[in-house]
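What follows is a set of notes on a single structure, which appears directly below.
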Amino acid sequence: MSVKPFKLLLPWFALAISMVMGSQNVDAQIHDPVVWDFAAYDNGDGTIDLDFHAEIEAGWHVYSQFLDPFDGPIPTSFTFETEGLQTADSVAAECEPHLEYDPNFMMDLLFFEKETHWVHTVSFPGAIPDTIKGYLTFMVCDESKCLPPEDVDFALALADLKPETSKPNYCSAGSHGAFDDGGSDGAPMGIYDPVQWEIALYSTGDQMATIVATASVESGWHVYSNDNDPLDGPIPTSFTLSSEGVEAGALQECTPEVHYDPNFDMEVKSFEGTVSWALEVRWQGEAPDQIEGLLTYMACDDSKCIFPPDVEFQLSPSEVQQGPLPELCPDGEEGGAGEEEATDDGLLVLFLLGMGLGFAALFTPCVFPLIPMTVSFFTKQSKTRAEGIRNALIYGASIIFIYTGLGLLLTAVFGVDVLNLISTDPYFNIGLFVLLVVFGVSFLGAFEIQLPSSWANKVDAQADRGGLIGIFFMAATLAIVSFSCTGPLVGSALAGAATGDFGGPVAVMFGFSLALAIPFTLFSAFPGWLNSLPQSGGWLTSVKVVLGLLEIGFAFKFLSNADLVLQLGLLKRELFIAIWIAVALCIAVYLYGGLRFPHDSKLERMSVGRWSLGTVFLVLAIYMMPGMWGAPLNLISGFPPPMFYAESSGSVGAGGHGAGQTASGHVEARFRDYDEGLAAAKAEGKPMILDFTGWACVNCRKMEEQVWPHPEVVKYLTEEAVLVSLYVDERKALPEAEQRVEQFGGKDFRVRTVGNKWTYLQASRFGTNAQPFYVMIDHNGEALGNGVGYDPDPDKFIAFLKDNMARFKAGQ
């Protein structure tokens, strides 16, 4: 076995020693429910069996070697310090363990009760030493608690070898069954990653190739589609190229499974089992020596997520795979990210969004009065009823063609991948915020956004030609003349469709144009229906003002997205909710007649519809008000920033306290840096509580919202200790001087970002990289006890805090 387990368990080893020396005032003696004895047997063939025998007190159990060391208890392991020793296998033979639910870790685990044996078969190709030395590491638990992991030294004198005939019955009934090899080469030591990647480069033509990345995902885990929103939910699987002169093309993936994910409390798109992605790459001139880049992904099971480091790849075009590309999807469900069934729902939503905005555009002062004018045009041009219906259908089809063509044109000019890039970029979201604010202010009457009048005059002249060409240009005239009202709504629709999918702009513009075309077509075909329309008037201006205020409100959602990604702290939850309360109140007061803009006429009377709509917005404003003080606002959950991204002003925790507590009872850490937190803990004479968490960790938020507000927990976090939150998914790059490559678990671990730094700290020091994870640290940086993960029971978390605090005080 490697010496890595000792490094991983060093904090726990130090804890065991500190408990022996510092707990005399607590217990008369250290409870040790496991008794070990060791023996060596000569097999007669040049090999030796080393027998590690454990007798376990009733009610207690020790754990198998074949456990995940980063999710649950510490597995039993063996480390040999004698040079020249060779083992027949990397792990010892062990008896068949029990597989039962363990309440300490809330999972099914492999363990042993009563007694058991582990046997290592060893040999010495060279000189045979006098003694075989080393240590074993194990952990023991009962139904309610665990003792700290312990290292037990052994020294077996080879002069005292026993004959093979004296070997005991290793796996008797009490030891539960026969030897079990665990079905593997042993538990992996290092950053736990349930996903294994294979990345290859395939030649697909001159100056182009395709990168094929294949993921093998462990059972029970899943990785996420590239077609997930990177600003809300899990981290999508994505590629970043760093080689100069190499450009990324289309990214292909299979059809993902759309399902509810409890980790994010939302519908997501993910993959299980084996899945592949294919990324086209292109270059100009000579082929580059290397195509380098990073693959970013996230893996989750049904209860937790991990944030593995980015996968680095270096591929040489001179060593490309020849022949056809491997089949990405054996079931024939291949497509771009977000195609087929996985994107049907998304395209339908975009279509309905466009249709809703199209119907809204109908009731604006620029569009509604054009309906009778258009009907008059067709009435004069059509000699028969049949001809009138035909012309009306052509007119409606022309409207759809013009607006949908605009969506196609945008995609053709900018490209699918560019739209995807800018839609996920925080600076592009800031641009959308500015754009929607400008559109909203224009709807309020501050100014008009119009196309040049010469465009309208030229198109209108073409409309006078008559025939099919005339009808088409009549539709174009509608689009240009009404642009001051439809332009902002078209911009809003396209902003919502900027998801990188080719069908997005087309779907939203088809919905928008269809909503515009239907009434114009129907009224042109059946002019008599005009009598049922309401007269134009001030109500059209009111519709425009309400739409303008809503556009300004929705603009702040884009600013919030950018702020959350950049962690600027400019638009936290309370301010966002306050803005929307103001918007809703403005709309309500305006509809009630208490607010007038320069282009508004005096409100002589209030219709039932106007009063009802104003009341809806008034109720919405009242509903959102408790959100200013921490209420969850479940009806609009997911729209405002998350509850953890809230103001900390007016908090307890200043002046030497360990954390801050907002008025809503939400506890926030004073520090997000290990060294700063440890320095503060030493200065204040308190232990440090490390909170390994993530921005996208839903279970972390549940702990913060369900467990941390408990009064006793609040006291520990804000007064008794220094709380430090370390975000393992923080994508901010470290300064170049701090970026490094660590050798860990037999692999290179590249520490590039702040999140990588904390992931490496958690895994290398505490043997886990699942979140949330909490551990209390003394002034020497050593763990005071076992860390704990997600458990919504406040009593258990309080017990963890009390136990570790007692150890800290005993060691002072």
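Residue numbering restarts at 1 for every chain of the structure tokens, chains are lettered A, B, ... in their displayed order, and ligands are numbered from 1 as they appear.
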**OP:** Could you give me, as a list of chain:residue names, the residues within 7 Å of A:Phe671, counting only C-alpha atoms and dropping anything in the same chain fewer than 5 positions from it?
**Re:** A:Glu676, A:Gly677, A:Leu723, A:Val724, A:Ser725
Restricted to N, CA and C atoms, what would the selected residues look like written as a short mmCIF file (atom, residue, chain, number, x, y, z; two decimals), in the first residue's frame?
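This went into selection.cif:
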```cif
data_model
loop_
_atom_site.label_atom_id
_atom_site.label_comp_id
_atom_site.auth_asym_id
_atom_site.auth_seq_id
_atom_site.Cartn_x
_atom_site.Cartn_y
_atom_site.Cartn_z
N GLU A 676 -6.72 33.44 6.46
CA GLU A 676 -7.30 34.58 7.18
C GLU A 676 -8.14 34.10 8.35
N GLY A 677 -8.93 33.05 8.12
CA GLY A 677 -9.77 32.52 9.19
C GLY A 677 -8.95 31.96 10.34
N LEU A 723 -16.12 31.02 11.81
CA LEU A 723 -16.66 30.26 10.68
C LEU A 723 -16.00 30.72 9.38
N VAL A 724 -15.50 29.76 8.61
CA VAL A 724 -14.85 30.04 7.33
C VAL A 724 -15.53 29.20 6.26
N SER A 725 -16.12 29.83 5.27
CA SER A 725 -16.78 29.13 4.16
C SER A 725 -15.84 29.09 2.96
#
```
Original post:
Tell me, which residues of stretch 107-338 of chain A carry DSSP helix (DSSP H, G or I), written as an NGL selection string?
Top reply: :A and (158-160 or 164-166 or 173-175 or 317-319)
Produce a file of the selected residues containing N, CA, C and O atoms, as a compact mmCIF listing (two decimals), in the first residue's frame.
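Saved to part09.txt:
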```
# COMPACT_ATOMS: atom_id res chain seq x y z
N LEU A 158 10.41 -12.42 11.65
CA LEU A 158 10.39 -13.57 10.74
C LEU A 158 11.07 -14.80 11.35
O LEU A 158 10.90 -15.92 10.86
N ALA A 159 11.80 -14.61 12.44
CA ALA A 159 12.38 -15.76 13.13
C ALA A 159 11.31 -16.59 13.83
O ALA A 159 11.53 -17.75 14.17
N ASP A 160 10.13 -15.97 14.03
CA ASP A 160 9.03 -16.65 14.72
C ASP A 160 7.95 -17.11 13.76
O ASP A 160 6.77 -17.19 14.13
N GLU A 164 2.54 -23.52 8.06
CA GLU A 164 1.28 -23.34 7.34
C GLU A 164 0.15 -24.14 7.98
O GLU A 164 -1.00 -23.72 7.96
N THR A 165 0.50 -25.29 8.56
CA THR A 165 -0.53 -26.16 9.14
C THR A 165 -1.21 -25.55 10.37
O THR A 165 -2.27 -26.01 10.78
N SER A 166 -0.59 -24.54 10.95
CA SER A 166 -1.17 -23.95 12.16
C SER A 166 -2.06 -22.74 11.86
O SER A 166 -2.50 -22.06 12.78
N ALA A 173 -17.69 -18.80 11.02
CA ALA A 173 -19.04 -18.23 11.04
C ALA A 173 -19.03 -16.87 11.70
O ALA A 173 -19.75 -15.95 11.32
N GLY A 174 -18.19 -16.75 12.73
CA GLY A 174 -18.14 -15.46 13.41
C GLY A 174 -17.54 -14.37 12.55
O GLY A 174 -17.79 -13.19 12.76
N SER A 175 -16.73 -14.77 11.58
CA SER A 175 -16.10 -13.79 10.70
C SER A 175 -16.92 -13.59 9.44
O SER A 175 -16.53 -12.84 8.56
N PRO A 317 -2.29 16.94 -33.68
CA PRO A 317 -2.87 16.65 -35.00
C PRO A 317 -2.05 15.64 -35.80
O PRO A 317 -2.57 14.99 -36.70
N SER A 318 -0.76 15.51 -35.47
CA SER A 318 0.07 14.54 -36.20
C SER A 318 -0.21 13.11 -35.76
O SER A 318 0.25 12.16 -36.39
N GLU A 319 -0.95 12.95 -34.66
CA GLU A 319 -1.25 11.62 -34.14
C GLU A 319 -2.76 11.38 -34.07
O GLU A 319 -3.26 10.73 -33.17
```
Subject >> Atom pair atom CA of A:Cys171 / atom CA of A:Trp60: separation (Å) >> reply: 18.4 Å
Which neighbours of stretch 568-581 of chain A fall inside 9 Å, counting only C-alpha atoms, when residues of the same chain fewer than 5 positions from it are skipped, and could you give them as a short mmCIF file (atom, residue, chain, number, x, y, z; two decimals) with all heavy atoms, in the first residue's frame?
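Result file is result_19.cif:
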```
data_model
loop_
_atom_site.label_atom_id
_atom_site.label_comp_id
_atom_site.auth_asym_id
_atom_site.auth_seq_id
_atom_site.Cartn_x
_atom_site.Cartn_y
_atom_site.Cartn_z
N GLY A 553 -38.20 45.93 -15.23
CA GLY A 553 -38.08 44.95 -14.16
C GLY A 553 -37.33 43.71 -14.59
O GLY A 553 -36.42 43.23 -13.89
N PHE A 554 -37.67 43.18 -15.78
CA PHE A 554 -36.99 41.98 -16.26
C PHE A 554 -35.54 42.26 -16.62
O PHE A 554 -34.70 41.34 -16.59
CB PHE A 554 -37.73 41.39 -17.46
CG PHE A 554 -38.95 40.60 -17.10
CD1 PHE A 554 -40.22 41.08 -17.38
CD2 PHE A 554 -38.84 39.39 -16.45
CE1 PHE A 554 -41.35 40.37 -17.03
CE2 PHE A 554 -39.97 38.66 -16.09
CZ PHE A 554 -41.23 39.15 -16.38
N PHE A 556 -33.44 43.72 -14.85
CA PHE A 556 -32.63 43.50 -13.67
C PHE A 556 -32.34 42.01 -13.43
O PHE A 556 -31.42 41.67 -12.68
CB PHE A 556 -33.28 44.13 -12.44
CG PHE A 556 -33.09 45.62 -12.37
CD1 PHE A 556 -34.05 46.47 -12.91
CD2 PHE A 556 -31.95 46.16 -11.82
CE1 PHE A 556 -33.87 47.85 -12.86
CE2 PHE A 556 -31.76 47.52 -11.77
CZ PHE A 556 -32.72 48.38 -12.30
N LYS A 557 -33.13 41.12 -14.03
CA LYS A 557 -32.81 39.70 -13.94
C LYS A 557 -31.49 39.40 -14.66
O LYS A 557 -30.67 38.62 -14.18
CB LYS A 557 -33.95 38.87 -14.55
CG LYS A 557 -33.67 37.35 -14.58
CD LYS A 557 -33.45 36.78 -13.19
CE LYS A 557 -33.24 35.27 -13.25
NZ LYS A 557 -32.87 34.72 -11.93
N LEU A 559 -29.06 41.59 -15.12
CA LEU A 559 -28.01 42.18 -14.31
C LEU A 559 -27.71 41.29 -13.11
O LEU A 559 -26.55 41.14 -12.70
CB LEU A 559 -28.43 43.58 -13.85
CG LEU A 559 -27.39 44.34 -13.01
CD1 LEU A 559 -26.12 44.57 -13.82
CD2 LEU A 559 -27.96 45.68 -12.53
N SER A 560 -28.75 40.69 -12.54
CA SER A 560 -28.57 39.79 -11.41
C SER A 560 -27.74 38.57 -11.81
O SER A 560 -26.87 38.11 -11.05
CB SER A 560 -29.92 39.34 -10.86
OG SER A 560 -29.79 38.34 -9.88
N ALA A 562 -25.43 38.38 -14.13
CA ALA A 562 -24.04 38.79 -14.25
C ALA A 562 -23.42 39.03 -12.88
O ALA A 562 -22.28 38.64 -12.62
CB ALA A 562 -23.95 40.05 -15.11
N ASP A 563 -24.15 39.67 -11.99
CA ASP A 563 -23.64 39.97 -10.66
C ASP A 563 -23.34 38.70 -9.87
O ASP A 563 -22.34 38.62 -9.16
CB ASP A 563 -24.66 40.84 -9.91
CG ASP A 563 -24.19 41.20 -8.51
OD1 ASP A 563 -23.15 41.85 -8.39
OD2 ASP A 563 -24.87 40.81 -7.54
N CYS A 586 -45.49 50.65 -8.96
CA CYS A 586 -45.65 51.66 -10.01
C CYS A 586 -46.74 51.27 -11.00
O CYS A 586 -47.56 52.10 -11.42
CB CYS A 586 -44.32 51.87 -10.74
SG CYS A 586 -43.14 52.86 -9.83
N LEU A 618 -50.67 44.96 -7.28
CA LEU A 618 -50.60 45.39 -5.89
C LEU A 618 -50.41 44.19 -4.96
O LEU A 618 -49.59 44.23 -4.03
CB LEU A 618 -51.88 46.15 -5.51
CG LEU A 618 -51.98 46.63 -4.05
CD1 LEU A 618 -50.85 47.60 -3.74
CD2 LEU A 618 -53.33 47.28 -3.79
N LEU A 620 -49.06 41.36 -5.81
CA LEU A 620 -47.71 40.86 -6.04
C LEU A 620 -46.69 41.66 -5.21
O LEU A 620 -45.78 41.08 -4.60
CB LEU A 620 -47.36 40.95 -7.53
CG LEU A 620 -45.93 40.54 -7.92
CD1 LEU A 620 -45.68 39.07 -7.58
CD2 LEU A 620 -45.69 40.80 -9.41
N ALA A 621 -46.86 42.98 -5.16
CA ALA A 621 -45.93 43.81 -4.38
C ALA A 621 -46.02 43.48 -2.90
O ALA A 621 -45.00 43.36 -2.22
CB ALA A 621 -46.24 45.29 -4.62
N ILE A 622 -47.23 43.30 -2.38
CA ILE A 622 -47.40 42.98 -0.97
C ILE A 622 -46.81 41.60 -0.66
O ILE A 622 -46.18 41.39 0.37
CB ILE A 622 -48.90 43.03 -0.59
CG1 ILE A 622 -49.43 44.46 -0.74
CG2 ILE A 622 -49.12 42.52 0.83
CD1 ILE A 622 -50.93 44.57 -0.56
N TYR A 623 -47.01 40.64 -1.58
CA TYR A 623 -46.47 39.29 -1.38
C TYR A 623 -44.94 39.31 -1.29
O TYR A 623 -44.34 38.56 -0.51
CB TYR A 623 -46.91 38.39 -2.53
CG TYR A 623 -46.24 37.03 -2.53
CD1 TYR A 623 -46.63 36.03 -1.65
CD2 TYR A 623 -45.19 36.76 -3.41
CE1 TYR A 623 -46.01 34.80 -1.65
CE2 TYR A 623 -44.56 35.52 -3.41
CZ TYR A 623 -44.98 34.55 -2.53
OH TYR A 623 -44.35 33.33 -2.52
N MET A 624 -44.29 40.16 -2.10
CA MET A 624 -42.83 40.17 -2.13
C MET A 624 -42.20 40.88 -0.94
O MET A 624 -41.02 40.69 -0.66
CB MET A 624 -42.34 40.82 -3.43
CG MET A 624 -42.58 39.99 -4.68
SD MET A 624 -41.77 40.67 -6.16
CE MET A 624 -42.72 42.18 -6.39
N MET A 625 -42.96 41.70 -0.22
CA MET A 625 -42.38 42.49 0.86
C MET A 625 -41.70 41.66 1.95
O MET A 625 -40.60 42.01 2.39
CB MET A 625 -43.44 43.42 1.47
CG MET A 625 -43.81 44.58 0.56
SD MET A 625 -45.06 45.65 1.27
CE MET A 625 -45.25 46.86 -0.05
N GLY A 627 -40.02 39.11 1.61
CA GLY A 627 -38.75 38.67 1.09
C GLY A 627 -37.61 39.61 1.43
O GLY A 627 -36.44 39.22 1.41
N MET A 628 -37.93 40.85 1.77
CA MET A 628 -36.90 41.80 2.19
C MET A 628 -36.27 41.39 3.51
O MET A 628 -35.16 41.80 3.83
CB MET A 628 -37.52 43.20 2.32
CG MET A 628 -38.05 43.77 1.03
SD MET A 628 -36.74 44.31 -0.06
CE MET A 628 -36.08 45.68 0.87
N TRP A 629 -36.98 40.57 4.27
CA TRP A 629 -36.48 40.15 5.58
C TRP A 629 -36.25 38.65 5.65
O TRP A 629 -36.27 38.06 6.70
CB TRP A 629 -37.45 40.59 6.67
CG TRP A 629 -37.50 42.09 6.79
CD1 TRP A 629 -36.67 42.89 7.52
CD2 TRP A 629 -38.41 42.97 6.11
NE1 TRP A 629 -37.00 44.20 7.34
CE2 TRP A 629 -38.07 44.29 6.48
CE3 TRP A 629 -39.47 42.77 5.21
CZ2 TRP A 629 -38.75 45.40 6.00
CZ3 TRP A 629 -40.14 43.88 4.74
CH2 TRP A 629 -39.79 45.18 5.13
N GLY A 630 -36.06 38.03 4.48
CA GLY A 630 -35.62 36.64 4.45
C GLY A 630 -36.69 35.61 4.15
O GLY A 630 -36.38 34.42 4.16
N PRO A 640 -35.68 35.63 -8.11
CA PRO A 640 -34.70 36.50 -7.44
C PRO A 640 -33.41 35.75 -7.16
O PRO A 640 -33.36 34.52 -7.28
CB PRO A 640 -35.42 36.91 -6.14
CG PRO A 640 -36.42 35.85 -5.89
CD PRO A 640 -36.79 35.25 -7.22
N PRO A 641 -32.35 36.46 -6.79
CA PRO A 641 -31.10 35.76 -6.41
C PRO A 641 -31.36 34.80 -5.26
O PRO A 641 -32.30 34.98 -4.48
CB PRO A 641 -30.18 36.91 -5.98
CG PRO A 641 -30.72 38.12 -6.68
CD PRO A 641 -32.20 37.92 -6.75
N PRO A 642 -30.54 33.75 -5.12
CA PRO A 642 -30.75 32.77 -4.05
C PRO A 642 -30.63 33.40 -2.67
O PRO A 642 -30.03 34.46 -2.50
CB PRO A 642 -29.65 31.73 -4.29
CG PRO A 642 -28.64 32.43 -5.13
CD PRO A 642 -29.37 33.42 -5.96
N MET A 643 -31.20 32.73 -1.67
CA MET A 643 -31.24 33.29 -0.33
C MET A 643 -29.86 33.48 0.27
O MET A 643 -29.65 34.36 1.11
CB MET A 643 -32.10 32.42 0.58
CG MET A 643 -33.58 32.42 0.20
SD MET A 643 -34.63 31.54 1.36
CE MET A 643 -34.55 32.65 2.78
N PHE A 644 -28.89 32.66 -0.14
CA PHE A 644 -27.55 32.83 0.44
C PHE A 644 -26.86 34.08 -0.11
O PHE A 644 -25.90 34.56 0.47
CB PHE A 644 -26.69 31.59 0.19
CG PHE A 644 -26.27 31.41 -1.25
CD1 PHE A 644 -25.14 32.02 -1.75
CD2 PHE A 644 -27.01 30.60 -2.09
CE1 PHE A 644 -24.74 31.85 -3.06
CE2 PHE A 644 -26.62 30.42 -3.40
CZ PHE A 644 -25.49 31.04 -3.89
N TYR A 645 -27.35 34.59 -1.25
CA TYR A 645 -26.75 35.78 -1.84
C TYR A 645 -27.54 37.00 -1.38
O TYR A 645 -28.24 37.64 -2.16
CB TYR A 645 -26.75 35.65 -3.36
CG TYR A 645 -25.78 36.59 -4.06
CD1 TYR A 645 -24.41 36.46 -3.87
CD2 TYR A 645 -26.23 37.58 -4.92
CE1 TYR A 645 -23.52 37.30 -4.51
CE2 TYR A 645 -25.35 38.43 -5.57
CZ TYR A 645 -23.99 38.29 -5.35
OH TYR A 645 -23.11 39.13 -5.99
N ALA A 646 -27.45 37.27 -0.08
CA ALA A 646 -28.24 38.34 0.51
C ALA A 646 -27.33 39.29 1.26
O ALA A 646 -26.15 39.03 1.51
CB ALA A 646 -29.29 37.75 1.46
N GLU A 647 -27.88 40.46 1.61
CA GLU A 647 -27.11 41.46 2.34
C GLU A 647 -26.75 40.93 3.73
O GLU A 647 -27.52 40.23 4.37
CB GLU A 647 -27.93 42.74 2.49
CG GLU A 647 -28.25 43.43 1.17
CD GLU A 647 -27.04 44.15 0.60
OE1 GLU A 647 -26.02 44.24 1.30
OE2 GLU A 647 -27.14 44.63 -0.55
#
```
Subject >> Contact residues around A:Pro256 with only C-alpha atoms at 7 Å, ignoring same-chain residues under 3 positions, as a list in words >> reply: Ser225, Lys269, Ser270, Phe271 and Ala342 of chain A
Original post:
What does the distance from atom CA of A:Asp142 to atom CA of A:Tyr101 come to in Å, to one decimal?
Top reply: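 So the two atoms, atom CA of A:Asp142 and atom CA of A:Tyr101, lie 12.0 Å apart.
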**OP:** Could you please determine the separation between atom CA of A:Ala763 and atom CA of A:Ala679 in Å, to one decimal place?
**Re:**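 About the pair atom CA of A:Ala763 and atom CA of A:Ala679: they are 22.0 Å apart.
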Original post:
If we count only C-alpha atoms, what is near A:His222 at a cut-off of 6 Å, once residues fewer than 3 positions away on the same chain are taken out, given as a list in words?
Top reply: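 Residues meeting the cut-off are Phe271, Glu272, Ala299 and Cys300 of chain A.
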Please write the residues from the selection above to a file, keeping N, CA and C atoms, as a PDB file, in the first residue's frame.
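File again_16.pdb, as written:
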```pdb
ATOM      1  N   PHE A 271     -26.706  12.826 -18.155  1.00  0.00           N
ATOM      2  CA  PHE A 271     -26.374  11.533 -18.751  1.00  0.00           C
ATOM      3  C   PHE A 271     -25.892  10.585 -17.663  1.00  0.00           C
ATOM      4  N   GLU A 272     -26.165   9.309 -17.849  1.00  0.00           N
ATOM      5  CA  GLU A 272     -25.644   8.253 -16.987  1.00  0.00           C
ATOM      6  C   GLU A 272     -24.909   7.234 -17.859  1.00  0.00           C
ATOM      7  N   ALA A 299     -20.349  16.305 -11.430  1.00  0.00           N
ATOM      8  CA  ALA A 299     -20.957  14.985 -11.223  1.00  0.00           C
ATOM      9  C   ALA A 299     -21.797  15.005  -9.953  1.00  0.00           C
ATOM     10  N   CYS A 300     -22.959  14.410 -10.024  1.00  0.00           N
ATOM     11  CA  CYS A 300     -23.864  14.368  -8.872  1.00  0.00           C
ATOM     12  C   CYS A 300     -24.520  12.996  -8.786  1.00  0.00           C
TER      13      CYS A 300
END
```
**OP:** Find the spatial neighbours of A:Glu730, counting only C-alpha atoms, within a cut-off of 9 Å - ignore same-chain residues fewer than 2 positions away - and output them as a list in words.
**Re:**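 The residues that qualify are Gly694, Trp695, Leu726, Tyr727, Val728, Lys732, Ala733, Thr753, Val754, Gly755 and Asn756 of chain A.
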Produce a file of the selected residues containing all heavy atoms, as a compact mmCIF listing (two decimals), in the first residue's frame.
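What ended up in selection18.txt:
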```
# COMPACT_ATOMS: atom_id res chain seq x y z
N GLY A 694 -20.43 25.09 -1.79
CA GLY A 694 -20.40 25.44 -3.21
C GLY A 694 -21.54 26.38 -3.54
O GLY A 694 -22.61 26.33 -2.92
N TRP A 695 -21.31 27.24 -4.51
CA TRP A 695 -22.38 28.16 -4.92
C TRP A 695 -23.58 27.38 -5.45
O TRP A 695 -24.73 27.80 -5.28
CB TRP A 695 -21.87 29.10 -6.00
CG TRP A 695 -20.81 30.04 -5.54
CD1 TRP A 695 -19.50 30.05 -5.93
CD2 TRP A 695 -20.95 31.12 -4.60
NE1 TRP A 695 -18.81 31.05 -5.29
CE2 TRP A 695 -19.68 31.73 -4.47
CE3 TRP A 695 -22.01 31.63 -3.86
CZ2 TRP A 695 -19.46 32.82 -3.63
CZ3 TRP A 695 -21.78 32.71 -3.03
CH2 TRP A 695 -20.53 33.30 -2.92
N LEU A 726 -15.55 27.89 2.47
CA LEU A 726 -14.66 27.69 1.34
C LEU A 726 -15.46 27.11 0.18
O LEU A 726 -15.95 25.99 0.27
CB LEU A 726 -13.51 26.76 1.72
CG LEU A 726 -12.69 27.19 2.96
CD1 LEU A 726 -11.62 26.15 3.28
CD2 LEU A 726 -12.06 28.56 2.76
N TYR A 727 -15.60 27.87 -0.90
CA TYR A 727 -16.44 27.50 -2.03
C TYR A 727 -15.61 26.72 -3.05
O TYR A 727 -14.73 27.28 -3.72
CB TYR A 727 -17.06 28.73 -2.68
CG TYR A 727 -18.14 29.34 -1.84
CD1 TYR A 727 -17.83 30.20 -0.79
CD2 TYR A 727 -19.48 29.04 -2.06
CE1 TYR A 727 -18.82 30.76 0.01
CE2 TYR A 727 -20.48 29.58 -1.27
CZ TYR A 727 -20.14 30.44 -0.23
OH TYR A 727 -21.13 30.98 0.55
N VAL A 728 -15.89 25.43 -3.16
CA VAL A 728 -15.08 24.57 -4.02
C VAL A 728 -15.40 24.74 -5.51
O VAL A 728 -14.66 24.23 -6.36
CB VAL A 728 -15.25 23.08 -3.62
CG1 VAL A 728 -14.83 22.85 -2.19
CG2 VAL A 728 -16.70 22.63 -3.84
N LYS A 732 -12.99 31.69 -9.95
CA LYS A 732 -12.03 32.79 -10.05
C LYS A 732 -10.61 32.22 -10.11
O LYS A 732 -10.22 31.40 -9.30
CB LYS A 732 -12.17 33.72 -8.84
CG LYS A 732 -11.23 34.90 -8.85
CD LYS A 732 -11.43 35.78 -7.62
CE LYS A 732 -10.45 36.95 -7.63
NZ LYS A 732 -10.61 37.80 -6.42
N ALA A 733 -9.83 32.69 -11.08
CA ALA A 733 -8.47 32.17 -11.26
C ALA A 733 -7.56 32.68 -10.15
O ALA A 733 -7.66 33.82 -9.70
CB ALA A 733 -7.92 32.59 -12.63
N THR A 753 -7.81 27.47 -9.96
CA THR A 753 -8.81 28.41 -9.47
C THR A 753 -8.89 28.35 -7.96
O THR A 753 -8.34 27.45 -7.32
CB THR A 753 -10.19 28.08 -10.07
OG1 THR A 753 -10.62 26.80 -9.56
CG2 THR A 753 -10.13 28.02 -11.60
N VAL A 754 -9.62 29.31 -7.41
CA VAL A 754 -9.86 29.32 -5.96
C VAL A 754 -10.57 28.04 -5.55
O VAL A 754 -10.26 27.42 -4.53
CB VAL A 754 -10.67 30.56 -5.56
CG1 VAL A 754 -11.05 30.49 -4.08
CG2 VAL A 754 -9.88 31.83 -5.84
N GLY A 755 -11.55 27.61 -6.37
CA GLY A 755 -12.27 26.38 -6.06
C GLY A 755 -11.36 25.16 -6.06
O GLY A 755 -11.49 24.26 -5.21
N ASN A 756 -10.42 25.09 -7.04
CA ASN A 756 -9.45 23.99 -7.05
C ASN A 756 -8.65 23.95 -5.76
O ASN A 756 -8.36 22.88 -5.21
CB ASN A 756 -8.48 24.14 -8.22
CG ASN A 756 -9.12 23.98 -9.58
OD1 ASN A 756 -8.62 24.50 -10.57
ND2 ASN A 756 -10.27 23.30 -9.65
```
Original post:
Near A:Ala517, counting only C-alpha atoms, which residues have an atom at most 8 Å away, once you skip same-chain residues fewer than 3 positions from it, shown as a list in words?
Top reply: Tyr395, Gly396, Ala397, Ile399, Ile400, Ser513, Leu514, Phe520 and Thr521 of chain A
Subject >> strand (DSSP E) positions in stretch 138-355 of chain A, given as a PyMOL selection string >> reply: chain A and resi 138+140-141+150-157+162-163+179-180+195-205+208-217+222-224+238-241+246-254+257-261+266-271+274-283+291-296+299-300+305-306+311-315+334-336
